[in-house]
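The file my_file.txt contains compact mmCIF, C-alpha atoms and all ligand atoms:
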# COMPACT_ATOMS: atom_id res chain seq x y z
CA MET A 1 0.00 0.00 0.00
CA ASN A 2 1.13 3.52 -0.57
CA GLY A 3 3.42 4.92 2.14
CA LEU A 4 0.69 7.44 2.95
CA ILE A 5 -1.17 4.66 4.82
CA ASN A 6 1.90 3.47 6.76
CA ARG A 7 2.75 7.04 7.64
CA ALA A 8 -0.75 7.46 9.09
CA VAL A 9 0.02 4.63 11.55
CA LYS A 10 3.30 6.31 12.49
CA LYS A 11 1.80 9.77 13.04
CA PHE A 12 -1.20 8.33 14.92
CA ILE A 13 1.05 6.41 17.33
CA LEU A 14 3.38 9.37 17.88
CA LYS A 15 0.41 11.62 18.60
CA GLU A 16 -1.52 9.26 20.87
CA TYR A 17 1.19 7.12 22.51
CA GLY A 18 4.49 8.99 22.13
CA LYS A 19 7.91 8.21 20.74
CA TYR A 20 8.92 5.36 23.08
CA THR A 21 5.92 3.26 22.01
CA TRP A 22 6.69 4.10 18.40
CA GLU A 23 10.34 3.06 18.82
CA GLU A 24 9.21 -0.27 20.29
CA ILE A 25 6.87 -0.83 17.32
CA CYS A 26 9.65 -0.02 14.82
CA TYR A 27 12.06 -2.36 16.58
CA LYS A 28 9.57 -5.25 16.74
CA SER A 29 8.07 -4.87 13.27
CA LYS A 30 11.47 -4.42 11.58
CA VAL A 31 9.91 -2.24 8.86
CA GLU A 32 12.36 -0.03 6.98
CA ASP A 33 12.16 3.77 7.16
CA ASP A 34 11.29 4.13 3.48
CA VAL A 35 7.82 2.56 3.92
CA PHE A 36 6.76 5.82 5.62
CA VAL A 37 7.44 8.00 2.58
CA SER A 38 3.98 9.17 1.54
CA MET A 39 4.52 9.20 -2.23
CA LYS A 40 6.14 5.77 -2.33
CA PHE A 41 4.64 2.40 -3.34
CA THR A 42 5.27 -0.30 -0.72
CA GLU A 43 4.28 -3.98 -0.60
CA ASP A 44 1.08 -4.64 1.36
CA SER A 45 2.97 -7.13 3.54
CA HIS A 46 4.83 -4.20 5.22
CA SER A 47 1.56 -2.49 6.11
CA TYR A 48 0.02 -5.68 7.49
CA ARG A 49 3.14 -6.42 9.56
CA LEU A 50 3.12 -2.88 10.90
CA ILE A 51 -0.55 -3.14 11.86
CA GLU A 52 -0.07 -6.57 13.44
CA THR A 53 2.92 -5.46 15.55
CA THR A 54 1.25 -2.18 16.56
CA SER A 55 -1.86 -4.11 17.69
CA GLU A 56 0.30 -6.47 19.74
CA VAL A 57 2.26 -3.65 21.39
CA LEU A 58 -0.93 -1.70 22.21
CA GLY A 59 -2.91 -4.82 23.15
CA VAL A 60 -5.82 -3.99 20.83
CA GLU A 61 -7.46 -5.92 18.00
CA PRO A 62 -6.13 -5.01 14.52
CA SER A 63 -9.69 -4.06 13.49
CA CYS A 64 -9.92 -1.54 16.38
CA LEU A 65 -6.54 -0.08 15.49
CA ILE A 66 -7.50 0.26 11.81
CA GLU A 67 -10.79 1.95 12.76
CA SER A 68 -8.86 4.41 14.98
CA ILE A 69 -6.53 5.20 12.08
CA GLY A 70 -9.68 5.86 10.04
CA ARG A 71 -10.98 8.29 12.67
CA TYR A 72 -7.62 10.07 12.44
CA TRP A 73 -7.59 10.01 8.60
CA VAL A 74 -9.23 13.40 7.89
CA GLU A 75 -6.96 15.29 10.32
CA TYR A 76 -3.98 13.31 9.03
CA THR A 77 -4.54 13.82 5.29
CA GLU A 78 -5.19 17.53 5.89
CA SER A 79 -1.82 17.73 7.67
CA GLU A 80 -0.18 15.95 4.71
CA GLY A 81 -1.34 18.62 2.25
CA TYR A 82 -4.61 17.06 1.06
CA SER A 83 -7.00 19.59 2.64
CA MET A 84 -8.17 20.80 -0.79
CA VAL A 85 -9.53 17.28 -1.41
CA PHE A 86 -12.19 17.95 1.21
CA GLU A 87 -13.28 21.11 -0.59
CA MET A 88 -13.11 19.62 -4.10
CA PHE A 89 -15.08 16.41 -3.60
CA GLY A 90 -18.19 17.52 -1.78
CA LYS A 91 -19.86 20.05 0.44
CA SER A 92 -21.73 17.42 2.42
CA MET A 93 -21.07 13.91 3.56
CA LYS A 94 -23.50 12.47 0.99
CA GLU A 95 -21.84 14.34 -1.87
CA PHE A 96 -18.41 13.28 -0.62
CA MET A 97 -19.42 9.61 -0.49
CA HIS A 98 -20.72 9.79 -4.07
CA ASN A 99 -17.29 11.09 -5.15
CA LEU A 100 -15.02 8.52 -3.46
CA ASN A 101 -14.10 6.76 -6.73
CA HIS A 102 -13.34 10.07 -8.43
CA LEU A 103 -11.24 11.12 -5.41
CA HIS A 104 -9.14 7.94 -5.48
CA PHE A 105 -8.83 8.17 -9.27
CA LYS A 106 -7.37 11.68 -8.92
CA ILE A 107 -5.06 10.55 -6.10
CA GLY A 108 -3.94 7.74 -8.42
CA CYS A 109 -2.81 10.38 -10.93
CA ILE A 110 -0.26 11.71 -8.44
CA LEU A 111 0.69 8.61 -6.42
CA PRO A 112 2.34 5.68 -8.20
CA ASN A 113 0.88 2.15 -8.55
CA ILE A 114 -2.03 2.48 -6.20
CA ASP A 115 -4.77 -0.15 -6.10
CA PRO A 116 -7.50 1.87 -4.40
CA PRO A 117 -10.85 0.55 -3.22
CA THR A 118 -14.03 1.34 -5.16
CA PHE A 119 -17.37 2.44 -3.77
CA ASP A 120 -21.00 2.54 -4.80
CA THR A 121 -23.69 4.52 -2.99
CA LYS A 122 -27.35 3.52 -2.86
CA VAL A 123 -29.77 6.14 -1.56
CA ILE A 124 -32.35 4.25 0.49
CA SER A 125 -34.20 7.30 1.88
CA ASP A 126 -33.57 10.97 2.78
CA SER A 127 -31.88 9.81 5.96
CA GLN A 128 -30.24 6.56 4.84
CA ILE A 129 -27.46 5.73 2.39
CA ASN A 130 -25.86 2.34 1.87
CA LEU A 131 -22.20 2.51 0.92
CA HIS A 132 -20.87 -0.55 -0.94
CA TYR A 133 -17.11 -0.99 -0.53
CA TYR A 134 -15.02 -3.16 -2.88
CA SER A 135 -11.35 -3.90 -2.24
CA ASN A 136 -8.73 -6.34 -3.44
CA ARG A 137 -7.43 -6.44 0.14
CA GLU A 138 -8.59 -8.13 3.30
CA GLY A 139 -9.23 -6.54 6.66
CA MET A 140 -9.42 -2.87 5.68
CA ALA A 141 -13.20 -2.39 6.14
CA PRO A 142 -12.75 -0.84 9.65
CA LEU A 143 -10.80 1.94 7.92
CA VAL A 144 -13.96 2.84 6.02
CA LYS A 145 -16.00 2.87 9.24
CA GLY A 146 -13.45 5.12 10.97
CA ILE A 147 -13.13 7.51 8.03
CA LEU A 148 -16.93 7.80 7.76
CA ALA A 149 -17.07 8.72 11.47
CA ALA A 150 -14.39 11.38 10.90
CA LEU A 151 -16.27 12.74 7.86
CA SER A 152 -19.44 12.95 9.93
CA ASN A 153 -17.57 15.23 12.37
CA LYS A 154 -15.92 17.18 9.58
CA PHE A 155 -19.23 17.97 7.86
CA ASN A 156 -21.05 18.30 11.18
CA GLU A 157 -23.62 15.71 10.09
CA PRO A 158 -24.24 13.30 12.98
CA CYS A 159 -24.92 9.78 11.81
CA GLU A 160 -24.94 6.15 12.86
CA ILE A 161 -22.68 3.84 10.85
CA ILE A 162 -23.57 0.16 10.73
CA HIS A 163 -21.36 -2.48 9.10
CA LEU A 164 -24.38 -4.15 7.53
CA ILE A 165 -22.78 -6.85 5.36
CA LYS A 166 -19.25 -8.23 5.71
CA LYS A 167 -17.25 -9.61 2.78
CA SER A 168 -17.33 -13.41 2.92
CA ASN A 169 -17.50 -16.50 0.71
CA GLU A 170 -21.08 -15.51 -0.12
CA THR A 171 -20.50 -11.84 -0.92
CA ASP A 172 -17.58 -10.11 -2.61
CA HIS A 173 -17.81 -6.79 -0.78
CA ASP A 174 -18.83 -4.96 2.39
CA VAL A 175 -21.86 -2.74 2.87
CA PHE A 176 -22.14 0.12 5.37
CA GLN A 177 -25.50 1.57 6.31
CA ILE A 178 -25.35 5.27 7.17
CA ASN A 179 -28.32 6.64 9.08
CA PHE A 180 -28.33 10.43 9.35
CA LEU A 181 -29.70 11.49 12.74
C1 LIG B 1 -7.79 13.05 1.37
C2 LIG B 1 -8.51 11.97 1.23
C3 LIG B 1 -7.96 10.64 0.80
C4 LIG B 1 -6.74 10.30 0.28
C5 LIG B 1 -5.56 11.22 -0.01
C6 LIG B 1 -6.74 8.87 0.08
C7 LIG B 1 -5.70 8.14 -0.43
C8 LIG B 1 -5.58 6.77 -0.38
C9 LIG B 1 -4.40 6.03 -0.76
C10 LIG B 1 -3.12 6.62 -1.31
C11 LIG B 1 -4.65 4.73 -0.51
C12 LIG B 1 -3.68 3.56 -0.72
C13 LIG B 1 -4.04 2.78 -1.94
C14 LIG B 1 -2.90 1.87 -2.38
O1 LIG B 1 -1.73 2.13 -2.04
O2 LIG B 1 -3.17 0.89 -3.10
C15 LIG B 1 -6.00 4.65 0.03
C16 LIG B 1 -6.57 3.48 0.44
C17 LIG B 1 -7.81 3.43 1.03
N1 LIG B 1 -8.76 4.44 1.08
FE1 LIG B 1 -8.43 6.37 0.58
N2 LIG B 1 -7.95 8.36 0.46
C18 LIG B 1 -8.71 9.40 0.91
C19 LIG B 1 -10.00 9.34 1.39
C20 LIG B 1 -10.68 8.18 1.63
C21 LIG B 1 -12.04 8.11 2.11
C22 LIG B 1 -12.91 9.32 2.42
C23 LIG B 1 -12.33 6.77 2.25
C24 LIG B 1 -13.59 6.08 2.68
C25 LIG B 1 -14.55 6.50 3.37
C26 LIG B 1 -11.15 6.02 1.86
C27 LIG B 1 -11.02 4.67 1.96
C28 LIG B 1 -9.86 3.97 1.72
C29 LIG B 1 -9.63 2.57 2.09
C30 LIG B 1 -10.61 1.67 2.83
C31 LIG B 1 -8.34 2.24 1.67
C32 LIG B 1 -7.56 0.92 1.92
C33 LIG B 1 -7.23 0.15 0.72
C34 LIG B 1 -8.26 -0.87 0.32
O3 LIG B 1 -9.37 -0.89 0.88
O4 LIG B 1 -7.98 -1.68 -0.58
N3 LIG B 1 -10.18 6.91 1.47
N4 LIG B 1 -6.55 5.91 0.07

As structure tokens, please, write out the structure in this file.
Ligand code: HEM
Amino acid sequence: MNGLINRAVKKFILKEYGKYTWEEICYKSKVEDDVFVSMKFTEDSHSYRLIETTSEVLGVEPSCLIESIGRYWVEYTESEGYSMVFEMFGKSMKEFMHNLNHLHFKIGCILPNIDPPTFDTKVISDSQINLHYYSNREGMAPLVKGILAALSNKFNEPCEIIHLIKKSNETDHDVFQINFL
């Protein structure tokens, strides 16, 4: 995955847990410094190892860690110079969700070799949207849940996010139900 993702883990840990915890994670995960360069392509195995080691050091489930990274994602990407993305791709959470494929397509024009997820929105009612999430990777769905929670704060649109359908042998993607309150 692009170094932008790995760097999010690094900055999240430094912010929430401090440099000694981060040093322990680096030592145990044995990931090289260059996987934290945000423009750089890195093998997914580095990201998974980083997440696994970080979860072990913190004593939390990988899914909880990934969701926390998602909650940090808006603040993080703004700090990495992507704040214009939040102005360009929607003035509301609904509009932003409709534009997720376009957003990742544009990001793919500046970052090399990315394999981004794809999304499909289904408007169920004025207060409910179902977001279908397709990825070639495993285990990243909590990132979507966390990012949606952060977007809800960003746009000041309180909502409940339910992981309605999980990818499995029967279904090739995840579905999130977003109920606007
Ligand atoms: C400033 C905004 C954003 C930027 C710059 C960004 C950029 C990226 C990049 C570079 C990747 C790595 C892809 C790869 O290396 O193959 C990625 C992955 C991902 N993005 Fe975004 N993204 C943004 C917003 C969002 C939003 C709003 C969502 C969903 C609500 C989202 C969901 C994901 C997920 C779940 C992945 C993990 C990869 C996967 O599922 O296969 N992103 N994004």

I need the residue nearest Trp73 in chain A from this list: A:Ala141, A:Leu50, A:Leu100, A:Ala149. Use all atoms listed in the file for the distance.
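Among A:Ala141, A:Leu50, A:Leu100, A:Ala149, it is A:Ala149 that comes nearest to Trp73 in chain A.
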
Can you work out which residues are within 8 Å of ligand LIG 1 (chain B), considering all atoms listed in the file, and then hand them over as number ranges by chain?
A: 1-5, 41-42, 73-74, 77-78, 82-83, 85-86, 96-97, 100, 103-104, 107-108, 111, 113-118, 133-138, 140-148, 151

Have a look at A:Lys10, A:Phe155, A:Lys15, A:Ile161 and name the one nearest to Ser92 in chain A; count only C-alpha atoms.
A:Phe155

Separation of CA of Val35 in chain A and CA of Gly81 in chain A, in Å?
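Atom-to-atom, CA of Val35 in chain A to CA of Gly81 in chain A, that is 18.6 Å.
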
Quick one: contact table of range 47-143 of chain A to range 21-29 of chain A, 8 Å max, nearest atom pair and distance in Å to one decimal per residue, counting only C-alpha atoms, chain and number order, as a Markdown table?
| residue | atom | partner | partner_atom | distance |
| --- | --- | --- | --- | --- |
| A:Arg49 | CA | A:Ser29 | CA | 6.4 |
| A:Leu50 | CA | A:Ser29 | CA | 5.8 |
| A:Thr53 | CA | A:Ser29 | CA | 5.7 |
| A:Thr54 | CA | A:Ile25 | CA | 5.8 |
| A:Val57 | CA | A:Ile25 | CA | 6.8 |

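CA of Asn101 in chain A sits 27.5 Å away from CA of Asp34 in chain A.
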
What is the distance between CA of Gly70 in chain A and CA of Ile124 in chain A, in Å to one decimal?
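CA of Gly70 in chain A sits 24.7 Å away from CA of Ile124 in chain A.
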
Shortest interatomic distance to Asp33 in chain A - which of A:His173, A:Arg7, A:Met84, A:Asn179, counting all atoms listed in the file
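Closest to Asp33 in chain A, using all atoms listed in the file: A:Arg7.
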